[in-house]
Amino acid sequence: MNKSGTVLHGALLVAGTSIGGGMLALPVLTSVGGFVPSLVIYIACWLFMACTGLLFLEISLWMQGESNIISMAKRTLGEPGKWAAWAIYLFLFYCLTLAYIVGCGNLVVELLGNRIPDWAGPILFLLAFGPFVYAGARLVGKLNIFLMLGLGLSFLAFVFFGWQYVNPKLLTYSNWSMALIGLPISFTAFAYQGIIPTLINYLHHDAKKTRLAILIGSFIPLVTYIIWQWLILGIVPTEVPGGLLETLEQGQNAVHPLKNFLAKPYIYAIGQFFAFFALVTSFFGVTLGLVDFLADGLNVKKTSLVKLALCALVFVPPLIIALLYPHIFLIALDFAGGFGCATLLGLMPILMVWSGRYILGLHSEYALPGGRLTLTLLLLFVLFELGVEIYLKI
């Protein structure tokens, strides 16, 4: 395989990991700030997450053989770092699993014409798609090819048919004081760092290729999100009945209010297909990862009975919360990004690199430029985000 092809496939792996269910929450949670302020948030989060991705590259190059976030934390931060990474990882992935179960459940309810109660949607969804997670990555991988194809085609179709309904006047609205509400969810939308150890192995530990794949791959979601934001905020008003503010209060995804403002029902249907593909692909990725993580952490062999128990551990706690709070989709994603992603994928790599470079004296063929100054600026940004998240939750 030629050099550009290898880098391209690596970049697509990064982009595919980032783009998912969080995209459906972005326009809703950033709508109160407006289009231009949301772009500033997106660019800032992209720059930050690109930098932390490169920090993970540096850490991965320190590791010998196979590595993951837990082993990285143990090597650089010791046992306290290992257990902190364990706890944050579980918190993040359970929040994401909850969000995707609720989001998919809401789609099931809407698909059935709201003829079933809200609590029935998550149950029906898990009955239909939970068995694929039990079957394992091989079957899901085959199914995922068609799901990703559907995701790409439905997004392109939505852009093609929906752009003519964009009202430029709606994009002029801005409220900079409210823009920071969208900061936590943006961390979720640009998250991909967990795939970096796999990416490095795929690119044969070539630091230059991996760096390029990270930069290109993380830039693709930025462009995608800007187009998506332009479409949704240009079609759906914020402060009107049935608009984005009401959608935010109801905890629904960004596709939901389109039916109130599009004269063509088929465009809304395309949006629903996109939402389905985005949520289901994210659901599979998160739950398969969580099953494997629990199996490794509990040091158990995945026999049929053990896999059933692991799936129960993955599905039952989020399902109970989903049944009690059927409109918690946006809240779960907000917590995932604001605390989980910001801490595990933002704060932890900064602390790991600082410890590795300046305490343990580790070196590799690649290091993020800027030394202590760059690490300090990144640290201040993630602490600012965590402060915003805590303030918003008080």
# chains A, B, ... in the order shown; residues from 1 in each chain; ligands from 1

$ closest_atom_pairs --of "stretch 233-352 of chain A" --to "stretch 117-139 of chain A" --cutoff "7 Å" --atoms "only C-alpha atoms" --output "Markdown table"
| residue | atom | partner | partner_atom | distance |
| --- | --- | --- | --- | --- |
| A:Phe284 | CA | A:Val133 | CA | 6.8 |
| A:Leu288 | CA | A:Val133 | CA | 6.1 |
| A:Lys307 | CA | A:Tyr134 | CA | 6.5 |
| A:Leu308 | CA | A:Tyr134 | CA | 6.8 |
| A:Cys311 | CA | A:Tyr134 | CA | 6.5 |
| A:Leu323 | CA | A:Trp119 | CA | 4.9 |
| A:Pro326 | CA | A:Trp119 | CA | 6.1 |

$ write_last_selection --atoms "N, CA, C and O atoms" --output "PDB file, in the first residue's frame"
ATOM      1  N   PHE A 284     -22.877   0.696  18.849  1.00  0.00           N
ATOM      2  CA  PHE A 284     -22.068  -0.515  18.690  1.00  0.00           C
ATOM      3  C   PHE A 284     -20.622  -0.275  19.118  1.00  0.00           C
ATOM      4  O   PHE A 284     -20.025  -1.094  19.829  1.00  0.00           O
ATOM      5  N   LEU A 288     -19.408  -2.369  22.459  1.00  0.00           N
ATOM      6  CA  LEU A 288     -18.396  -3.399  22.231  1.00  0.00           C
ATOM      7  C   LEU A 288     -17.110  -3.075  22.992  1.00  0.00           C
ATOM      8  O   LEU A 288     -16.489  -3.957  23.593  1.00  0.00           O
ATOM      9  N   LYS A 307     -20.137 -13.768  28.520  1.00  0.00           N
ATOM     10  CA  LYS A 307     -20.524 -12.688  27.614  1.00  0.00           C
ATOM     11  C   LYS A 307     -21.931 -12.191  27.919  1.00  0.00           C
ATOM     12  O   LYS A 307     -22.204 -10.991  27.847  1.00  0.00           O
ATOM     13  N   LEU A 308     -22.815 -13.115  28.263  1.00  0.00           N
ATOM     14  CA  LEU A 308     -24.178 -12.724  28.629  1.00  0.00           C
ATOM     15  C   LEU A 308     -24.169 -11.858  29.884  1.00  0.00           C
ATOM     16  O   LEU A 308     -24.868 -10.842  29.963  1.00  0.00           O
ATOM     17  N   CYS A 311     -22.758  -8.418  28.991  1.00  0.00           N
ATOM     18  CA  CYS A 311     -23.767  -7.612  28.289  1.00  0.00           C
ATOM     19  C   CYS A 311     -24.809  -7.081  29.266  1.00  0.00           C
ATOM     20  O   CYS A 311     -25.283  -5.944  29.135  1.00  0.00           O
ATOM     21  N   LEU A 323     -35.288   4.183  31.409  1.00  0.00           N
ATOM     22  CA  LEU A 323     -36.717   3.977  31.669  1.00  0.00           C
ATOM     23  C   LEU A 323     -37.255   5.029  32.633  1.00  0.00           C
ATOM     24  O   LEU A 323     -38.400   5.473  32.511  1.00  0.00           O
ATOM     25  N   PRO A 326     -36.669   9.172  30.251  1.00  0.00           N
ATOM     26  CA  PRO A 326     -36.626   8.912  28.805  1.00  0.00           C
ATOM     27  C   PRO A 326     -36.143  10.086  27.949  1.00  0.00           C
ATOM     28  O   PRO A 326     -35.945   9.916  26.749  1.00  0.00           O
TER      29      PRO A 326
END

$ select_by_dssp --residues "stretch 88-336 of chain A" --states "alpha helix (DSSP H)" --output "MDAnalysis selection string"
chainID A and resid 88:111 120:135 137:162 183:189 196:202 207:235 244:250 265:298 304:324 329:335

$ atom_distance --atom1 "atom CA of A:Ala85" --atom2 "atom CA of A:Leu26"
26.1 Å

$ atom_distance --atom1 "atom CA of A:Ala15" --atom2 "atom CA of A:Phe219"
7.9 Å

$ residues_around --residues "A:Ser67" --least-positions-apart "3" --cutoff "12 Å" --atoms "only C-alpha atoms" --output "PyMOL selection string"
chain A and resi 56-57+59-64+70-75+194-201

$ atom_distance --atom1 "atom CA of A:Thr224" --atom2 "atom CA of A:Lys264"
23.2 Å

$ residues_around --residues "A:Ile267" --least-positions-apart "6" --cutoff "7 Å" --atoms "only C-alpha atoms" --output "ChimeraX atom specification"
/A:158,161-162

$ closest_atom_pairs --of "stretch 350-377 of chain A" --to "stretch 205-218 of chain A" --cutoff "12 Å" --atoms "only C-alpha atoms" --output "JSON lines"
{"residue": "A:Ser364", "atom": "CA", "partner": "A:Ala207", "partner_atom": "CA", "distance": 9.4}
{"residue": "A:Glu365", "atom": "CA", "partner": "A:Ala207", "partner_atom": "CA", "distance": 7.2}
{"residue": "A:Tyr366", "atom": "CA", "partner": "A:Ala207", "partner_atom": "CA", "distance": 6.4}
{"residue": "A:Ala367", "atom": "CA", "partner": "A:Ala207", "partner_atom": "CA", "distance": 9.7}
{"residue": "A:Leu368", "atom": "CA", "partner": "A:Arg211", "partner_atom": "CA", "distance": 9.9}

$ closest_residue --among "A:Leu171, A:Leu24, A:Leu13, A:Val102" --to "A:Leu324" --atoms "only C-alpha atoms"
A:Val102
